[in-house]
Structure formats: structure tokens, C-alpha cells
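For reference, work_32.pdb (PDB, C-alpha atoms):
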ATOM      1  CA  MET A 566      87.832  62.385  46.332
ATOM      2  CA  LYS A 567      90.775  60.147  47.152
ATOM      3  CA  GLU A 568      92.182  59.165  50.513
ATOM      4  CA  PHE A 569      95.819  59.859  51.329
ATOM      5  CA  ILE A 570      97.755  58.714  54.386
ATOM      6  CA  PHE A 571     100.650  60.868  55.544
ATOM      7  CA  LYS A 572     103.290  59.924  58.106
ATOM      8  CA  ILE A 573     104.870  62.999  59.652
ATOM      9  CA  SER A 574     107.608  63.419  62.243
ATOM     10  CA  THR A 575     108.360  66.554  64.260
ATOM     11  CA  LYS A 576     111.381  67.447  66.385
ATOM     12  CA  LEU A 577     113.266  70.377  67.883
ATOM     13  CA  LYS A 578     115.651  72.232  65.560
ATOM     14  CA  ASP A 579     119.203  70.869  65.744
ATOM     15  CA  GLU A 580     120.622  73.980  67.458
ATOM     16  CA  ILE A 581     118.170  73.675  70.377
ATOM     17  CA  LYS A 582     119.087  71.695  73.479
ATOM     18  CA  ASP A 583     116.994  68.514  73.846
ATOM     19  CA  PRO A 584     117.192  67.272  77.484
ATOM     20  CA  GLU A 585     115.233  64.044  76.846
ATOM     21  CA  GLY A 586     117.483  63.086  73.950
ATOM     22  CA  GLU A 587     120.547  63.741  76.128
ATOM     23  CA  VAL A 588     119.202  61.492  78.893
ATOM     24  CA  VAL A 589     118.788  58.640  76.380
ATOM     25  CA  GLU A 590     122.413  59.189  75.270
ATOM     26  CA  LYS A 591     123.702  59.068  78.866
ATOM     27  CA  ILE A 592     121.753  55.914  79.785
ATOM     28  CA  ALA A 593     122.830  54.163  76.581
ATOM     29  CA  GLN A 594     126.457  54.962  77.383
ATOM     30  CA  ARG A 595     126.025  53.706  80.953
ATOM     31  CA  LEU A 596     124.576  50.443  79.638
ATOM     32  CA  ASP A 597     127.528  50.228  77.257
ATOM     33  CA  ILE A 598     125.255  50.008  74.194
ATOM     34  CA  CYS A 599     127.098  52.676  72.256
ATOM     35  CA  LYS A 600     129.473  55.564  73.016
ATOM     36  CA  ASN A 601     129.247  58.023  70.152
ATOM     37  CA  PHE A 602     125.794  58.909  68.972
ATOM     38  CA  LYS A 603     123.229  61.699  69.141
ATOM     39  CA  VAL A 604     119.572  61.362  70.083
ATOM     40  CA  LYS A 605     116.819  63.844  69.254
ATOM     41  CA  LYS A 606     113.365  63.223  70.657
ATOM     42  CA  GLY A 607     110.416  63.896  68.396
ATOM     43  CA  LYS A 608     106.787  63.037  67.748
ATOM     44  CA  PHE A 609     105.108  60.997  65.051
ATOM     45  CA  TYR A 610     101.698  61.606  63.461
ATOM     46  CA  GLU A 611      99.737  59.476  61.013
ATOM     47  CA  ILE A 612      97.136  61.568  59.204
ATOM     48  CA  SER A 613      94.451  60.416  56.806
ATOM     49  CA  ILE A 614      93.040  63.081  54.495
ATOM     50  CA  LEU A 615      90.464  63.220  51.681
ATOM     51  CA  ALA A 616      91.436  65.420  48.730
ATOM     52  CA  ASN A 617      90.898  65.779  44.984
ATOM     53  CA  SER A 618      94.581  65.477  44.145
ATOM     54  CA  LYS A 619      97.982  64.737  45.628
ATOM     55  CA  LYS A 620      98.872  68.429  45.287
ATOM     56  CA  GLU A 621      95.795  69.527  47.256
ATOM     57  CA  ALA A 622      96.456  66.909  49.964
ATOM     58  CA  CYS A 623     100.084  68.016  50.320
ATOM     59  CA  GLU A 624      99.087  71.679  50.605
ATOM     60  CA  LYS A 625      96.560  70.924  53.367
ATOM     61  CA  ILE A 626      99.020  68.740  55.264
ATOM     62  CA  GLU A 627     101.747  71.379  55.080
ATOM     63  CA  GLU A 628      99.384  74.041  56.436
ATOM     64  CA  LEU A 629      98.270  71.694  59.227
ATOM     65  CA  ALA A 630     101.876  70.892  60.156
ATOM     66  CA  GLN A 631     102.968  74.557  60.157
ATOM     67  CA  LYS A 632      99.988  75.785  62.158
ATOM     68  CA  ILE A 633      99.288  72.962  64.594
ATOM     69  CA  LEU A 634     101.958  70.269  64.726
ATOM     70  CA  ILE A 635     104.974  72.551  65.185
ATOM     71  CA  ASN A 636     106.021  75.932  66.517
ATOM     72  CA  PRO A 637     108.204  77.186  63.621
ATOM     73  CA  VAL A 638     110.354  79.161  66.089
ATOM     74  CA  VAL A 639     111.799  75.994  67.640
ATOM     75  CA  GLU A 640     110.566  72.916  65.736
ATOM     76  CA  VAL A 641     110.722  71.344  62.283
ATOM     77  CA  TYR A 642     108.585  68.686  60.598
ATOM     78  CA  LYS A 643     109.272  66.123  57.902
ATOM     79  CA  ILE A 644     106.841  64.118  55.748
ATOM     80  CA  GLU A 645     108.359  60.657  56.171
ATOM     81  CA  ASN A 646     105.995  58.820  53.870
ATOM     82  CA  PHE A 647     102.627  59.098  52.157
ATOM     83  CA  GLU A 648     100.421  56.735  50.252
ATOM     84  CA  GLU A 649      97.321  57.064  48.101
ATOM     85  CA  LEU A 650      94.630  54.527  48.928
TER      86      LEU A 650
ATOM     87  CA  MET B1294      87.024 105.778  91.648
ATOM     88  CA  GLN B1295      85.489 102.831  89.820
ATOM     89  CA  LYS B1296      87.280  99.512  90.002
ATOM     90  CA  ILE B1297      89.228  98.140  87.037
ATOM     91  CA  LYS B1298      87.323  95.306  85.369
ATOM     92  CA  ALA B1299      89.515  92.250  84.847
ATOM     93  CA  ALA B1300      88.702  89.003  83.027
ATOM     94  CA  VAL B1301      90.292  85.693  84.005
ATOM     95  CA  VAL B1302      90.103  83.321  81.043
ATOM     96  CA  LYS B1303      89.263  79.702  81.782
ATOM     97  CA  PHE B1304      90.195  77.401  78.908
ATOM     98  CA  PHE B1305      89.406  73.674  79.080
ATOM     99  CA  GLY B1306      92.164  72.422  81.393
ATOM    100  CA  THR B1307      92.920  75.737  83.132
ATOM    101  CA  ASN B1308      93.134  75.173  86.893
ATOM    102  CA  CYS B1309      94.436  78.400  88.459
ATOM    103  CA  GLU B1310      91.462  80.633  87.679
ATOM    104  CA  LYS B1311      90.040  80.680  91.224
ATOM    105  CA  GLU B1312      93.204  81.824  93.023
ATOM    106  CA  THR B1313      93.868  84.338  90.227
ATOM    107  CA  TYR B1314      90.326  85.678  90.688
ATOM    108  CA  ASP B1315      90.911  85.913  94.481
ATOM    109  CA  ALA B1316      94.246  87.693  93.979
ATOM    110  CA  LEU B1317      92.646  90.308  91.689
ATOM    111  CA  LEU B1318      89.828  90.825  94.194
ATOM    112  CA  ASN B1319      92.372  91.228  96.994
ATOM    113  CA  ILE B1320      94.250  93.972  95.103
ATOM    114  CA  GLY B1321      91.039  95.895  94.318
ATOM    115  CA  PHE B1322      90.116  94.839  90.778
ATOM    116  CA  GLU B1323      86.579  93.832  89.768
ATOM    117  CA  PRO B1324      87.285  90.330  88.413
ATOM    118  CA  TYR B1325      85.162  88.041  86.248
ATOM    119  CA  ILE B1326      85.838  84.499  85.056
ATOM    120  CA  ILE B1327      85.085  84.052  81.351
ATOM    121  CA  ASN B1328      85.660  81.137  78.983
ATOM    122  CA  GLN B1329      87.647  80.721  75.777
ATOM    123  CA  ASN B1330      84.626  81.387  73.542
ATOM    124  CA  GLU B1331      84.027  84.936  74.821
ATOM    125  CA  GLU B1332      84.617  87.445  72.021
ATOM    126  CA  ASN B1333      83.271  90.677  73.478
ATOM    127  CA  LEU B1334      86.031  92.049  75.708
ATOM    128  CA  ASN B1335      84.998  95.721  75.515
ATOM    129  CA  LYS B1336      84.291  96.185  79.219
ATOM    130  CA  PHE B1337      87.640  94.790  80.377
ATOM    131  CA  ASP B1338      90.926  96.682  80.784
ATOM    132  CA  LEU B1339      92.827  93.630  81.990
ATOM    133  CA  ILE B1340      92.730  90.106  80.558
ATOM    134  CA  VAL B1341      94.488  87.373  82.522
ATOM    135  CA  LEU B1342      95.478  84.038  81.004
ATOM    136  CA  PRO B1343      96.054  81.980  84.162
ATOM    137  CA  GLY B1344      98.095  78.873  84.844
ATOM    138  CA  GLY B1345      97.070  75.292  84.215
ATOM    139  CA  PHE B1346      97.052  72.864  81.337
ATOM    140  CA  SER B1347      94.888  74.363  78.598
ATOM    141  CA  TYR B1348      93.547  71.576  76.370
ATOM    142  CA  GLY B1349      95.626  69.093  78.353
ATOM    143  CA  ASP B1350      98.830  70.523  76.819
ATOM    144  CA  TYR B1351      97.928  68.432  73.745
ATOM    145  CA  VAL B1352     100.502  68.663  70.917
ATOM    146  CA  SER B1353     102.447  71.269  72.954
ATOM    147  CA  CYS B1354     101.738  73.696  75.826
ATOM    148  CA  GLY B1355      99.447  76.491  74.626
ATOM    149  CA  ARG B1356      99.334  75.230  71.013
ATOM    150  CA  ILE B1357      95.580  74.555  70.878
ATOM    151  CA  ALA B1358      94.535  77.514  73.051
ATOM    152  CA  LYS B1359      96.039  79.974  70.577
ATOM    153  CA  TYR B1360      93.293  79.137  68.073
ATOM    154  CA  THR B1361      90.384  79.922  70.421
ATOM    155  CA  PRO B1362      87.998  82.841  69.747
ATOM    156  CA  ILE B1363      89.230  84.801  72.773
ATOM    157  CA  ILE B1364      92.840  84.913  71.531
ATOM    158  CA  ASN B1365      91.608  86.136  68.167
ATOM    159  CA  SER B1366      89.551  88.792  69.930
ATOM    160  CA  LEU B1367      92.555  89.787  72.072
ATOM    161  CA  LYS B1368      94.607  90.388  68.931
ATOM    162  CA  ASN B1369      91.839  92.564  67.471
ATOM    163  CA  ASN B1370      91.518  94.539  70.719
ATOM    164  CA  LEU B1371      95.280  95.151  70.800
ATOM    165  CA  LYS B1372      95.051  96.802  67.371
ATOM    166  CA  LYS B1373      92.177  99.072  68.389
ATOM    167  CA  ARG B1374      92.670 100.145  72.005
ATOM    168  CA  LYS B1375      94.756  99.975  75.172
ATOM    169  CA  ILE B1376      94.260  96.674  76.940
ATOM    170  CA  PHE B1377      96.564  95.043  79.493
ATOM    171  CA  ILE B1378      97.284  91.322  79.109
ATOM    172  CA  LEU B1379      98.793  89.185  81.863
ATOM    173  CA  GLY B1380      99.907  85.612  81.109
ATOM    174  CA  ILE B1381     100.910  83.412  84.026
ATOM    175  CA  CYS B1382     102.734  80.102  83.387
ATOM    176  CA  ASN B1383     100.472  78.373  80.843
ATOM    177  CA  GLY B1384      99.290  81.898  79.962
ATOM    178  CA  PHE B1385     102.912  82.793  79.077
ATOM    179  CA  GLN B1386     103.109  79.651  76.919
ATOM    180  CA  ILE B1387      99.875  80.612  75.122
ATOM    181  CA  LEU B1388     101.147  84.165  74.492
ATOM    182  CA  THR B1389     104.407  82.921  72.928
ATOM    183  CA  GLU B1390     102.542  80.360  70.805
ATOM    184  CA  ALA B1391     100.133  83.081  69.643
ATOM    185  CA  GLY B1392     103.049  85.370  68.718
ATOM    186  CA  LEU B1393     102.038  88.064  71.227
ATOM    187  CA  ILE B1394     105.362  87.620  73.066
ATOM    188  CA  GLU B1395     108.594  86.834  71.209
ATOM    189  CA  GLY B1396     110.365  83.500  71.686
ATOM    190  CA  ALA B1397     109.253  80.092  72.900
ATOM    191  CA  LEU B1398     109.142  78.027  76.080
ATOM    192  CA  LEU B1399     110.886  74.664  76.030
ATOM    193  CA  GLU B1400     111.326  71.731  78.364
ATOM    194  CA  ASN B1401     113.455  72.529  81.454
ATOM    195  CA  THR B1402     117.132  71.663  81.019
ATOM    196  CA  SER B1403     116.877  69.163  83.877
ATOM    197  CA  GLY B1404     114.043  67.367  82.051
ATOM    198  CA  LYS B1405     112.082  67.524  85.313
ATOM    199  CA  PHE B1406     108.934  69.256  86.511
ATOM    200  CA  ILE B1407     110.169  71.990  88.890
ATOM    201  CA  CYS B1408     107.960  73.085  91.775
ATOM    202  CA  LYS B1409     109.580  75.483  94.270
ATOM    203  CA  ASP B1410     109.939  79.105  95.385
ATOM    204  CA  VAL B1411     112.435  81.143  93.363
ATOM    205  CA  GLU B1412     113.962  84.583  93.853
ATOM    206  CA  LEU B1413     113.222  87.149  91.149
ATOM    207  CA  LYS B1414     114.299  90.645  90.171
ATOM    208  CA  PHE B1415     111.959  93.094  88.473
ATOM    209  CA  LEU B1416     112.183  96.908  88.371
ATOM    210  CA  ASP B1417     114.814  97.143  91.136
ATOM    211  CA  LYS B1418     112.787  94.889  93.438
ATOM    212  CA  THR B1419     113.847  91.448  94.662
ATOM    213  CA  PHE B1420     111.114  89.031  95.775
ATOM    214  CA  LYS B1421     110.181  85.358  95.859
ATOM    215  CA  LEU B1422     107.397  83.591  93.955
ATOM    216  CA  PRO B1423     106.619  79.917  93.339
ATOM    217  CA  ILE B1424     107.173  78.198  90.004
ATOM    218  CA  ALA B1425     105.541  74.928  88.901
ATOM    219  CA  HIS B1426     106.344  73.915  85.345
ATOM    220  CA  HIS B1427     107.965  71.369  83.046
ATOM    221  CA  GLN B1428     108.232  73.621  80.006
ATOM    222  CA  GLY B1429     109.598  76.962  81.248
ATOM    223  CA  ARG B1430     112.991  77.289  79.575
ATOM    224  CA  TYR B1431     112.756  80.549  77.656
ATOM    225  CA  TYR B1432     114.335  80.585  74.198
ATOM    226  CA  ILE B1433     114.636  83.389  71.679
ATOM    227  CA  LYS B1434     116.444  83.355  68.346
ATOM    228  CA  ASN B1435     116.587  87.073  67.620
ATOM    229  CA  LYS B1436     118.106  88.365  70.879
ATOM    230  CA  GLU B1437     117.827  92.032  69.806
ATOM    231  CA  LYS B1438     114.045  91.813  70.171
ATOM    232  CA  LEU B1439     114.548  91.608  73.940
ATOM    233  CA  ASN B1440     115.278  95.359  73.849
ATOM    234  CA  ASP B1441     111.523  95.904  73.549
ATOM    235  CA  TYR B1442     110.919  94.275  76.935
ATOM    236  CA  GLU B1443     111.455  94.835  80.654
ATOM    237  CA  ILE B1444     112.807  91.538  81.974
ATOM    238  CA  ILE B1445     111.822  89.620  85.107
ATOM    239  CA  LYS B1446     114.968  87.647  85.983
ATOM    240  CA  TYR B1447     115.683  84.612  88.116
ATOM    241  CA  THR B1448     118.561  85.320  90.510
ATOM    242  CA  ASN B1449     119.365  81.582  90.440
ATOM    243  CA  ASN B1450     118.236  80.172  87.087
ATOM    244  CA  PRO B1451     116.248  76.963  87.791
ATOM    245  CA  ASN B1452     115.381  75.787  84.265
ATOM    246  CA  GLY B1453     118.050  76.910  81.784
ATOM    247  CA  SER B1454     116.149  79.958  80.512
ATOM    248  CA  TYR B1455     118.093  82.222  78.168
ATOM    249  CA  CYS B1456     119.476  85.228  80.049
ATOM    250  CA  ASP B1457     117.786  84.022  83.319
ATOM    251  CA  ILE B1458     114.429  85.147  81.913
ATOM    252  CA  ALA B1459     111.446  84.336  84.133
ATOM    253  CA  GLY B1460     109.105  86.833  82.495
ATOM    254  CA  LEU B1461     108.832  89.688  80.021
ATOM    255  CA  TYR B1462     106.927  92.951  80.002
ATOM    256  CA  ASP B1463     106.123  94.520  76.642
ATOM    257  CA  LYS B1464     105.916  98.207  77.607
ATOM    258  CA  LYS B1465     104.479  99.310  74.270
ATOM    259  CA  ASN B1466     101.598  96.837  74.111
ATOM    260  CA  TYR B1467     101.044  96.340  77.856
ATOM    261  CA  ILE B1468     101.621  92.578  77.816
ATOM    262  CA  LEU B1469     103.196  90.994  80.891
ATOM    263  CA  ALA B1470     104.040  87.290  80.797
ATOM    264  CA  LEU B1471     105.806  85.266  83.464
ATOM    265  CA  MET B1472     106.353  81.647  84.486
ATOM    266  CA  PRO B1473     106.166  82.198  88.296
ATOM    267  CA  HIS B1474     102.740  82.333  89.952
ATOM    268  CA  PRO B1475     102.151  85.694  91.700
ATOM    269  CA  GLU B1476      98.576  84.677  92.607
ATOM    270  CA  ARG B1477      99.846  81.854  94.817
ATOM    271  CA  ASN B1478     101.816  84.277  97.017
ATOM    272  CA  LEU B1479      98.939  86.586  97.718
ATOM    273  CA  THR B1480      95.921  84.748  99.060
ATOM    274  CA  THR B1481      97.422  81.457 100.250
ATOM    275  CA  PRO B1482      97.521  81.260 104.087
ATOM    276  CA  PHE B1483     100.994  81.175 105.707
ATOM    277  CA  LYS B1484     102.696  82.292 102.471
ATOM    278  CA  PRO B1485     104.307  85.719 101.973
ATOM    279  CA  LYS B1486     102.253  88.272 100.042
ATOM    280  CA  GLU B1487     104.911  89.189  97.490
ATOM    281  CA  GLY B1488     102.633  88.397  94.550
ATOM    282  CA  LYS B1489     101.117  91.823  95.100
ATOM    283  CA  ILE B1490     104.254  93.401  93.552
ATOM    284  CA  ILE B1491     103.104  92.099  90.147
ATOM    285  CA  PHE B1492      99.390  92.856  90.549
ATOM    286  CA  GLU B1493      99.999  96.333  92.002
ATOM    287  CA  PHE B1494     102.370  97.096  89.128
ATOM    288  CA  ILE B1495      99.553  96.204  86.695
ATOM    289  CA  LYS B1496      96.967  98.231  88.621
ATOM    290  CA  ASN B1497      99.250 101.273  88.799
ATOM    291  CA  THR B1498     100.109 100.995  85.085
ATOM    292  CA  ILE B1499      96.443 100.831  84.053
ATOM    293  CA  GLU B1500      95.493 103.760  86.319
ATOM    294  CA  LYS B1501      98.378 105.865  85.031
ATOM    295  CA  GLU B1502      98.497 104.916  81.343
ATOM    296  CA  PHE B1503      94.824 104.161  80.594
ATOM    297  CA  TYR B1504      92.947 106.490  82.964
ATOM    298  CA  GLY B1505      95.622 109.113  83.732
ATOM    299  CA  THR B1506      94.525 109.099  87.365
ATOM    300  CA  LEU B1507      97.659 108.111  89.257
TER     301      LEU B1507
END
What would you get if you wrote out this structure as C-alpha cells?
Amino acid sequence: MKEFIFKISTKLKDEIKDPEGEVVEKIAQRLDICKNFKVKKGKFYEISILANSKKEACEKIEELAQKILINPVVEVYKIENFEEL
Amino acid sequence: MQKIKAAVVKFFGTNCEKETYDALLNIGFEPYIINQNEENLNKFDLIVLPGGFSYGDYVSCGRIAKYTPIINSLKNNLKKRKIFILGICNGFQILTEAGLIEGALLENTSGKFICKDVELKFLDKTFKLPIAHHQGRYYIKNKEKLNDYEIIKYTNNPNGSYCDIAGLYDKKNYILALMPHPERNLTTPFKPKEGKIIFEFIKNTIEKEFYGTL
């Protein structure tokens, strides 16, 4: 068995209103940091998994993300990075 | 006539089970409080998923609760027999996560936790019930699926819900889910008793549709 570390981000789908992201935009404009930008709030997970192969690890992580980390009706996930230890 | 047996499900983090139990007792049900590991639901005609913060709202509201044995058992019961399900607030969130009600519940448009009385319309009746939630903005992608439901509407939308939706009643499967708390306007001193509109609707539906006695 090998150990794999996955870094996964989740966020609302682009077409869905994100009030927290909008608040960050408004405050940043008020502070005169930047005028034209979009913010989407999300979550970040770091997951360590033992598996026989990279393929098996990826399959398990994708099932975990679909079933637990997101609600597919309104959210999406992205594997940002993974490494084999 | 024998009383309708109703189960109030207490998940880890549920905190409205006592007032829900009292409300059911007040309306004339025979209520029991059961936990999330109960799988034998045969004696119950009504299952209530009450308000609260099941599993601390970890990951997202209702996400963890949907994988408990009782939700699995509920799905099996729905395939085999008539059973009425009521989801209040966190119960509504669990039902959408579990796929038993279409759509999803998202953070309120204001980004704030809203705690106040709101006016509602359901089956030609107008009444007030309290809401207390941060994630109550109803969203649905396939709008045509709403044709399968009776809608409980806010008269003054507090949270940005699609189509002013405060709750949905699936007539075919007897599943009623709503964000407002009917149990809080039934047994709380000095509050109006308008919560009985919801509980009496459920009682009448079970007596008529399940027992044929109304």
C-alpha cells in the first residue's frame, strides 16, 4: 500500500449566488484595493489515503468528494494537487 | 380511535426534539423520541426530522445525517408502504441532501442568520410562524419539478428563496418539508397557536389517506 495526499477545493457552481463572496467584493472596493474582480467562497480539504495504486486512490477520492464533500445539485469540487509519499 | 404513532428523530446535534414532541402530544398524536440508529419504523405512521444542527452542520447542513441508518430505513419504508415524513428546518435540509425533496438550501442572500416571525401562505390559509436559520434560501435547477409539490410561500421573502418557497409538500409521497418552525407556535406560552395548522393538516391527511377514517 502507498500513501497519497490529495488537496481538494469545493465551491458553489458559478451560476449560484454567493453572498459571502459578494461581501468580500464590496469591502475590497470600499477599501480601494481593487474595483473589478469576482470572489467565490469555497472550502479546502487535505486528505491522506492508503491505496494500491494511483488509479484506486483517485477513484476513492472522487467517490468521497461526490458523496460527502459536495452536494452535486449546487456545488463542484476540484483536485488541486496530489502527491505520492 | 387509536392515536397516530409519531417518531421524532434525534440526531447528534438536534435540539428541537422536545418542543416537537410536545406539539405532537398537544395535537393528539402518540409521540416517541428515537435516535438516528433506529431502523425498525414499522409502528410509526409519521416520522419527524426536527430542527437543530445535526452533526454540528459539519461539511454542510444535513450532509452527514443523510448517511445515518434511519434515513436509509425511511427510504426503504417509502418504497413499501404509506408513511408521512415531516422535516422542519434542519429536517428540510436533511431531506434535500438525501434526495427525498428536490432542490437544495443555500446560505441566506443577506449572509445573516435570520430569526423572526414570518407570514406564510399554504392551502388558502395565511398564518405566521417563526424562522431561525442561516441556510434557508431554497434553490432548484429543474423548475418543472415544482409541479409535483404544494408550496408553502413567504408573503415577504426573508432569505432570497426561489419563488418565495418556505416549504414543499410532496402529495404523492406524503413528505412535508419547511424552514419555519410550527412547533414553536403551538406550545410556547404567550405565542399564537398557528403551528397547529401544519400539524392538523398532517393528522387529517394520515386519517384520511392512511386509515380512511376522516
>> I want to know what sits within 10 Å of Thr1419 in chain B, based on only C-alpha atoms, with residues of the same chain fewer than 5 positions away left out; could you give that as a list in words?
In response: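 Contacts, in chain order: Glu1412, Leu1413, Lys1414, Ile1445, Lys1446, Tyr1447, Thr1448, Glu1487 and Ile1490 of chain B.
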Per residue of chain A within 10 Å of chain B, what are the shortest atom pair and its distance in Å to one decimal, counting all atoms listed in the file, with rows by chain and residue number, as CSV?
residue,atom,partner,partner_atom,distance
A:Leu577,CA,B:Leu1399,CA,9.5
A:Ile581,CA,B:Tyr1432,CA,8.8
A:Lys582,CA,B:Thr1402,CA,7.8
A:Asp583,CA,B:Thr1402,CA,7.8
A:Pro584,CA,B:Gly1404,CA,5.5
A:Glu585,CA,B:Gly1404,CA,6.3
A:Gly586,CA,B:Gly1404,CA,9.8
A:Glu587,CA,B:Gly1404,CA,9.5
A:Val588,CA,B:Gly1404,CA,8.4
A:Lys608,CA,B:Val1352,CA,9.0
A:Lys632,CA,B:Arg1356,CA,8.9
A:Ile633,CA,B:Arg1356,CA,6.8
A:Leu634,CA,B:Val1352,CA,6.6
A:Ile635,CA,B:Val1352,CA,8.2
A:Asn636,CA,B:Glu1390,CA,7.1
A:Pro637,CA,B:Glu1390,CA,9.7
A:Val638,CA,B:Ala1397,CA,7.0
A:Val639,CA,B:Ala1397,CA,7.1
>> Using the chain letters and numbers from this file, what does the PyMOL selection byres ((chain A and resi 615) around 12) select? Give the answer as a list of chain:residue names.
In response: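 Applied to this file, the PyMOL selection byres ((chain A and resi 615) around 12) returns A:Met566, A:Lys567, A:Glu568, A:Phe569, A:Ile570, A:Phe571, A:Ile612, A:Ser613, A:Ile614, A:Ala616, A:Asn617, A:Ser618, A:Lys619, A:Lys620, A:Glu621, A:Ala622, A:Cys623, A:Lys625, A:Ile626, A:Glu648, A:Glu649, A:Leu650.
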> So what does the PyMOL selection byres ((chain B and resi 1374-1381) around 8) actually pick up in this one, as a PyMOL selection string?
Replying inline: chain B and resi 1337-1344+1370-1373+1382-1388+1466-1474+1495+1499+1503
> By how many Å are CA of Val1411 in chain B and CA of Asp1441 in chain B apart?
Replying inline: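 For CA of Val1411 in chain B relative to CA of Asp1441 in chain B, the distance reads 24.7 Å.
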>> Translate the PyMOL selection byres ((chain B and resi 1330) around 7) into a concrete residue list for this structure, as a PyMOL selection string.
In response: chain B and resi 1328-1329+1331-1332+1361-1363
> So which residues touch Ser574 in chain A within 10 Å, counting only C-alpha atoms, skipping near sequence neighbours fewer than 5 positions away, as a count of residues only?
Replying inline: 14
>> Could you tell me how far CA of Cys1354 in chain B sits from CA of Asn1319 in chain B, in Å to one decimal place?
In response: 29.0 Å
> Please, what distance in Å, to one decimal, runs between CA of Leu1479 in chain B and CA of Asp1417 in chain B?
Replying inline: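 Separating CA of Leu1479 in chain B from CA of Asp1417 in chain B is a distance of 20.2 Å.
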>> Within 10 Å of (121.5, 60.5, 73.4) in the file's own coordinates, which protein, DNA or RNA residues have an atom, counting only C-alpha atoms? List them as a ChimeraX atom specification.
In response: /A:583-594,599-606
> Got a sec: who's within 12 Å of Leu1318 in chain B, counting only C-alpha atoms, leaving out chain neighbours fewer than 5 positions off, as an NGL selection string?
Replying inline: :B and (1296-1301 or 1311-1313 or 1323-1326 or 1476 or 1479-1480 or 1489 or 1492-1493 or 1496)
Missing atoms in range 631-648 of chain A: fill them in up to N, CA and C atoms and send the result as a CSV table (one decimal), in the frame of the given file.
chain,number,residue,atom,x,y,z
A,631,GLN,N,102.4,73.2,59.8
A,631,GLN,CA,103.0,74.6,60.2
A,631,GLN,C,102.2,75.2,61.3
A,632,LYS,N,100.8,75.1,61.2
A,632,LYS,CA,100.0,75.8,62.2
A,632,LYS,C,99.8,75.0,63.5
A,633,ILE,N,99.7,73.7,63.4
A,633,ILE,CA,99.3,73.0,64.6
A,633,ILE,C,100.4,72.0,65.1
A,634,LEU,N,101.0,71.3,64.2
A,634,LEU,CA,102.0,70.3,64.7
A,634,LEU,C,103.3,70.8,65.3
A,635,ILE,N,103.7,72.0,64.7
A,635,ILE,CA,105.0,72.6,65.2
A,635,ILE,C,104.8,74.0,65.5
A,636,ASN,N,105.8,74.5,66.3
A,636,ASN,CA,106.0,75.9,66.5
A,636,ASN,C,107.2,76.3,65.7
A,637,PRO,N,107.1,77.0,64.5
A,637,PRO,CA,108.2,77.2,63.6
A,637,PRO,C,109.4,77.9,64.3
A,638,VAL,N,109.2,78.5,65.4
A,638,VAL,CA,110.4,79.2,66.1
A,638,VAL,C,111.4,78.1,66.6
A,639,VAL,N,110.9,77.0,67.0
A,639,VAL,CA,111.8,76.0,67.6
A,639,VAL,C,111.7,74.6,67.1
A,640,GLU,N,110.7,74.3,66.2
A,640,GLU,CA,110.6,72.9,65.7
A,640,GLU,C,110.6,72.8,64.2
A,641,VAL,N,110.8,71.6,63.7
A,641,VAL,CA,110.7,71.3,62.3
A,641,VAL,C,109.9,70.1,62.1
A,642,TYR,N,109.3,69.9,60.9
A,642,TYR,CA,108.6,68.7,60.6
A,642,TYR,C,109.1,68.1,59.3
A,643,LYS,N,108.8,66.8,59.1
A,643,LYS,CA,109.3,66.1,57.9
A,643,LYS,C,108.2,65.1,57.5
A,644,ILE,N,107.8,65.1,56.2
A,644,ILE,CA,106.8,64.1,55.7
A,644,ILE,C,107.7,62.9,55.4
A,645,GLU,N,107.5,61.9,56.3
A,645,GLU,CA,108.4,60.7,56.2
A,645,GLU,C,107.9,59.8,55.0
A,646,ASN,N,106.5,59.8,54.9
A,646,ASN,CA,106.0,58.8,53.9
A,646,ASN,C,104.6,59.2,53.6
A,647,PHE,N,104.1,59.0,52.4
A,647,PHE,CA,102.6,59.1,52.2
A,647,PHE,C,102.2,58.1,51.1
A,648,GLU,N,100.9,57.7,51.2
A,648,GLU,CA,100.4,56.7,50.3
A,648,GLU,C,99.0,57.1,49.8
